Amino acid sequence: MSASEAPRFLCDAMLGKLCKWLRIAGFDSAYLSHSVPVQLVDRARREGRIILTRNTKLLARENLPAHLFISDDRWEAQLVEVAGAFGLDLVAEAFARCLACNVNLEPIESRAEVEAVVPEYVYRRVVSFHGCPACGKVFWSGTHLGRMEQRLRAVAERVAKIAEKGGGPGSEE
Ligand SMILES: [Zn+2]
């Protein structure tokens, strides 16, 4: 499933890192840093988001909207759980979203627009730029993405391996 037709998520306070990595993978993922259950539930309903939670007390609530209980406390394994449960493609639309604002980046039509805001060596070397419509930050693909991309690909490989074996999203290889 690609990010544009994918479910949207709402992460509880214990899942900040998972939220960041879902955004890196291109998925619409919101985060409540001081989440009390009623706020999580209200926001999930209002915005049509699936709750991702580590909070077992939340699970006991009646009429809980769509949710997934995350059993592991490491972000890599958590991402495997979410990708497995919802059939997410973690690499297809990676790096298409502003990590700070959780909105899709937009291509910048004219390179001249960014000449004043990016370093000169970047402007000379990079062909195309993207901008965040919310915070205005300018992005370009560069070597700083290399390590993040490797880590994301490693998680995607774990997801693929589990899918091959027909195991559940929480099973270990
Ligand atoms: Zn932004």
# chains A, B, ... in the order shown; residues from 1 in each chain; ligands from 1

call {"tool": "closest_atom_pairs", "arguments": {"of": "chain A", "to": "ligand 1", "cutoff": "10 Å", "atoms": "only C-alpha atoms and all ligand atoms", "output": "tab-separated table"}}
result
residue	atom	partner	partner_atom_place_in_ligand_line	distance
A:Arg97	CA	ligand 1	1 (Zn)	8.1
A:Cys98	CA	ligand 1	1 (Zn)	4.7
A:Leu99	CA	ligand 1	1 (Zn)	6.7
A:Ala100	CA	ligand 1	1 (Zn)	5.2
A:Cys101	CA	ligand 1	1 (Zn)	4.2
A:Asn102	CA	ligand 1	1 (Zn)	7.0
A:Val103	CA	ligand 1	1 (Zn)	6.8
A:Asn104	CA	ligand 1	1 (Zn)	8.6
A:Leu105	CA	ligand 1	1 (Zn)	8.0
A:Gly131	CA	ligand 1	1 (Zn)	8.0
A:Cys132	CA	ligand 1	1 (Zn)	4.6
A:Pro133	CA	ligand 1	1 (Zn)	6.7
A:Ala134	CA	ligand 1	1 (Zn)	5.0
A:Cys135	CA	ligand 1	1 (Zn)	4.0
A:Gly136	CA	ligand 1	1 (Zn)	6.2
A:Lys137	CA	ligand 1	1 (Zn)	5.9
A:Val138	CA	ligand 1	1 (Zn)	8.8
A:Phe139	CA	ligand 1	1 (Zn)	9.8

call {"tool": "select_by_dssp", "arguments": {"residues": "chain A", "states": "strand (DSSP E or B)", "output": "list of chain:residue names"}}
result
A:Phe9, A:Leu10, A:Cys11, A:Ser29, A:Ala30, A:Tyr31, A:Ile50, A:Ile51, A:Leu52, A:Thr53, A:His67, A:Leu68, A:Phe69, A:Arg97, A:Asn104, A:Glu106, A:Pro107, A:His130, A:Gly131, A:Val138, A:Phe139

call {"tool": "write_last_selection", "arguments": {"atoms": "N, CA and C atoms", "output": "PDB file, in the first residue's frame"}}
result
ATOM      1  N   PHE A   9      -2.265   7.811  11.003  1.00  0.00           N
ATOM      2  CA  PHE A   9      -2.042   7.300  12.348  1.00  0.00           C
ATOM      3  C   PHE A   9      -2.012   8.410  13.394  1.00  0.00           C
ATOM      4  N   LEU A  10      -2.285   7.995  14.633  1.00  0.00           N
ATOM      5  CA  LEU A  10      -2.142   8.878  15.783  1.00  0.00           C
ATOM      6  C   LEU A  10      -1.374   8.095  16.851  1.00  0.00           C
ATOM      7  N   CYS A  11      -0.159   8.571  17.162  1.00  0.00           N
ATOM      8  CA  CYS A  11       0.702   7.850  18.099  1.00  0.00           C
ATOM      9  C   CYS A  11       0.541   8.413  19.507  1.00  0.00           C
ATOM     10  N   SER A  29       1.293  10.843  10.117  1.00  0.00           N
ATOM     11  CA  SER A  29       1.372  10.302  11.471  1.00  0.00           C
ATOM     12  C   SER A  29       1.427  11.445  12.483  1.00  0.00           C
ATOM     13  N   ALA A  30       0.396  11.539  13.299  1.00  0.00           N
ATOM     14  CA  ALA A  30       0.339  12.593  14.309  1.00  0.00           C
ATOM     15  C   ALA A  30       0.768  12.032  15.660  1.00  0.00           C
ATOM     16  N   TYR A  31       1.101  12.937  16.584  1.00  0.00           N
ATOM     17  CA  TYR A  31       1.663  12.527  17.867  1.00  0.00           C
ATOM     18  C   TYR A  31       1.114  13.420  18.968  1.00  0.00           C
ATOM     19  N   ILE A  50      -5.941   6.082  12.916  1.00  0.00           N
ATOM     20  CA  ILE A  50      -5.836   4.840  13.671  1.00  0.00           C
ATOM     21  C   ILE A  50      -4.901   5.082  14.853  1.00  0.00           C
ATOM     22  N   ILE A  51      -5.362   4.750  16.040  1.00  0.00           N
ATOM     23  CA  ILE A  51      -4.542   4.954  17.236  1.00  0.00           C
ATOM     24  C   ILE A  51      -3.472   3.872  17.331  1.00  0.00           C
ATOM     25  N   LEU A  52      -2.220   4.289  17.506  1.00  0.00           N
ATOM     26  CA  LEU A  52      -1.136   3.358  17.812  1.00  0.00           C
ATOM     27  C   LEU A  52      -0.779   3.600  19.273  1.00  0.00           C
ATOM     28  N   THR A  53      -0.819   2.554  20.080  1.00  0.00           N
ATOM     29  CA  THR A  53      -0.642   2.776  21.512  1.00  0.00           C
ATOM     30  C   THR A  53       0.124   1.648  22.202  1.00  0.00           C
ATOM     31  N   HIS A  67      -7.574   0.857  16.200  1.00  0.00           N
ATOM     32  CA  HIS A  67      -6.316   1.019  16.927  1.00  0.00           C
ATOM     33  C   HIS A  67      -5.445  -0.215  16.745  1.00  0.00           C
ATOM     34  N   LEU A  68      -4.161  -0.055  17.064  1.00  0.00           N
ATOM     35  CA  LEU A  68      -3.241  -1.192  17.089  1.00  0.00           C
ATOM     36  C   LEU A  68      -2.408  -1.075  18.352  1.00  0.00           C
ATOM     37  N   PHE A  69      -2.403  -2.128  19.149  1.00  0.00           N
ATOM     38  CA  PHE A  69      -1.536  -2.159  20.329  1.00  0.00           C
ATOM     39  C   PHE A  69      -0.126  -2.537  19.886  1.00  0.00           C
ATOM     40  N   ARG A  97       7.788  13.769   3.115  1.00  0.00           N
ATOM     41  CA  ARG A  97       6.997  14.486   4.114  1.00  0.00           C
ATOM     42  C   ARG A  97       7.934  15.291   5.028  1.00  0.00           C
ATOM     43  N   ASN A 104       2.986  16.790   3.311  1.00  0.00           N
ATOM     44  CA  ASN A 104       3.756  16.411   2.126  1.00  0.00           C
ATOM     45  C   ASN A 104       4.556  17.585   1.587  1.00  0.00           C
ATOM     46  N   GLU A 106       6.368  19.777  -1.362  1.00  0.00           N
ATOM     47  CA  GLU A 106       5.956  20.111  -2.719  1.00  0.00           C
ATOM     48  C   GLU A 106       7.191  20.492  -3.535  1.00  0.00           C
ATOM     49  N   PRO A 107       7.191  20.071  -4.816  1.00  0.00           N
ATOM     50  CA  PRO A 107       8.340  20.434  -5.646  1.00  0.00           C
ATOM     51  C   PRO A 107       8.420  21.953  -5.824  1.00  0.00           C
ATOM     52  N   HIS A 130      12.634  20.539  -2.939  1.00  0.00           N
ATOM     53  CA  HIS A 130      11.260  20.458  -2.444  1.00  0.00           C
ATOM     54  C   HIS A 130      11.118  21.395  -1.256  1.00  0.00           C
ATOM     55  N   GLY A 131       9.890  21.875  -1.056  1.00  0.00           N
ATOM     56  CA  GLY A 131       9.656  22.770   0.063  1.00  0.00           C
ATOM     57  C   GLY A 131       8.491  22.284   0.912  1.00  0.00           C
ATOM     58  N   VAL A 138      13.371  24.206   3.056  1.00  0.00           N
ATOM     59  CA  VAL A 138      13.715  23.674   1.733  1.00  0.00           C
ATOM     60  C   VAL A 138      14.494  22.368   1.899  1.00  0.00           C
ATOM     61  N   PHE A 139      14.128  21.364   1.107  1.00  0.00           N
ATOM     62  CA  PHE A 139      14.774  20.054   1.187  1.00  0.00           C
ATOM     63  C   PHE A 139      15.363  19.671  -0.168  1.00  0.00           C
TER      64      PHE A 139
END

call {"tool": "atom_distance", "arguments": {"atom1": "atom CA of A:Asp73", "atom2": "atom CA of A:Gly48"}}
result
25.2 Å

call {"tool": "select_by_dssp", "arguments": {"residues": "chain A", "states": "alpha helix (DSSP H)", "output": "number ranges by chain"}}
result
A: 16-24, 37-47, 56-59, 75-86, 120-125, 145-165

call {"tool": "write_last_selection", "arguments": {"atoms": "C-alpha atoms", "output": "CSV table (one decimal), in the first residue's frame"}}
result
chain,number,residue,atom,x,y,z
A,16,GLY,CA,7.4,9.5,19.5
A,17,LYS,CA,10.2,7.7,17.7
A,18,LEU,CA,7.7,5.4,15.9
A,19,CYS,CA,5.8,8.5,14.8
A,20,LYS,CA,9.0,10.1,13.4
A,21,TRP,CA,9.9,6.9,11.4
A,22,LEU,CA,6.4,6.6,10.0
A,23,ARG,CA,6.8,10.2,8.7
A,24,ILE,CA,10.2,9.3,7.3
A,37,PRO,CA,-6.9,8.6,26.6
A,38,VAL,CA,-9.9,11.0,26.1
A,39,GLN,CA,-7.7,13.3,23.9
A,40,LEU,CA,-6.3,10.4,21.9
A,41,VAL,CA,-9.8,9.0,21.2
A,42,ASP,CA,-11.3,12.4,20.4
A,43,ARG,CA,-8.6,13.3,17.9
A,44,ALA,CA,-8.5,9.9,16.3
A,45,ARG,CA,-12.3,10.2,15.7
A,46,ARG,CA,-12.2,13.8,14.5
A,47,GLU,CA,-9.3,13.2,12.0
A,56,THR,CA,-2.9,-1.3,28.0
A,57,LYS,CA,-5.4,0.8,30.0
A,58,LEU,CA,-6.6,2.5,26.8
A,59,LEU,CA,-7.4,-0.9,25.4
A,75,TRP,CA,11.2,1.6,17.1
A,76,GLU,CA,12.5,-0.8,14.5
A,77,ALA,CA,10.3,-3.7,15.8
A,78,GLN,CA,7.3,-1.2,16.3
A,79,LEU,CA,7.6,-0.2,12.6
A,80,VAL,CA,7.6,-3.8,11.6
A,81,GLU,CA,4.4,-4.3,13.6
A,82,VAL,CA,2.6,-1.4,12.0
A,83,ALA,CA,3.8,-2.2,8.5
A,84,GLY,CA,2.8,-5.8,8.9
A,85,ALA,CA,-0.6,-5.1,10.3
A,86,PHE,CA,-1.5,-2.6,7.6
A,120,GLU,CA,26.0,27.9,-2.5
A,121,TYR,CA,27.7,24.5,-3.1
A,122,VAL,CA,24.3,22.8,-2.7
A,123,TYR,CA,22.7,25.2,-5.2
A,124,ARG,CA,25.4,24.4,-7.7
A,125,ARG,CA,25.2,20.6,-7.3
A,145,LEU,CA,19.6,10.8,3.8
A,146,GLY,CA,21.9,7.8,3.3
A,147,ARG,CA,21.9,6.5,6.8
A,148,MET,CA,18.2,7.0,7.4
A,149,GLU,CA,17.4,5.3,4.1
A,150,GLN,CA,19.6,2.3,5.0
A,151,ARG,CA,17.9,1.9,8.4
A,152,LEU,CA,14.4,2.2,6.8
A,153,ARG,CA,15.4,-0.4,4.1
A,154,ALA,CA,16.6,-2.8,6.8
A,155,VAL,CA,13.2,-2.6,8.5
A,156,ALA,CA,11.4,-3.0,5.2
A,157,GLU,CA,13.4,-6.2,4.6
A,158,ARG,CA,12.3,-7.6,8.0
A,159,VAL,CA,8.7,-6.9,7.0
A,160,ALA,CA,9.1,-8.7,3.7
A,161,LYS,CA,10.7,-11.7,5.4
A,162,ILE,CA,7.9,-12.0,7.9
A,163,ALA,CA,5.3,-11.7,5.1
A,164,GLU,CA,7.1,-14.5,3.2
A,165,LYS,CA,6.9,-16.8,6.2

call {"tool": "atom_distance", "arguments": {"atom1": "atom CA of A:Ala94", "atom2": "atom CA of A:Glu115"}}
result
25.3 Å

call {"tool": "atom_distance", "arguments": {"atom1": "atom CA of A:Ser33", "atom2": "atom CA of A:Asp12"}}
result
7.0 Å

call {"tool": "closest_residue", "arguments": {"among": "A:Gly26, A:Leu64, A:Ile70, A:Ala116", "to": "A:Leu90", "atoms": "only C-alpha atoms"}}
result
A:Gly26
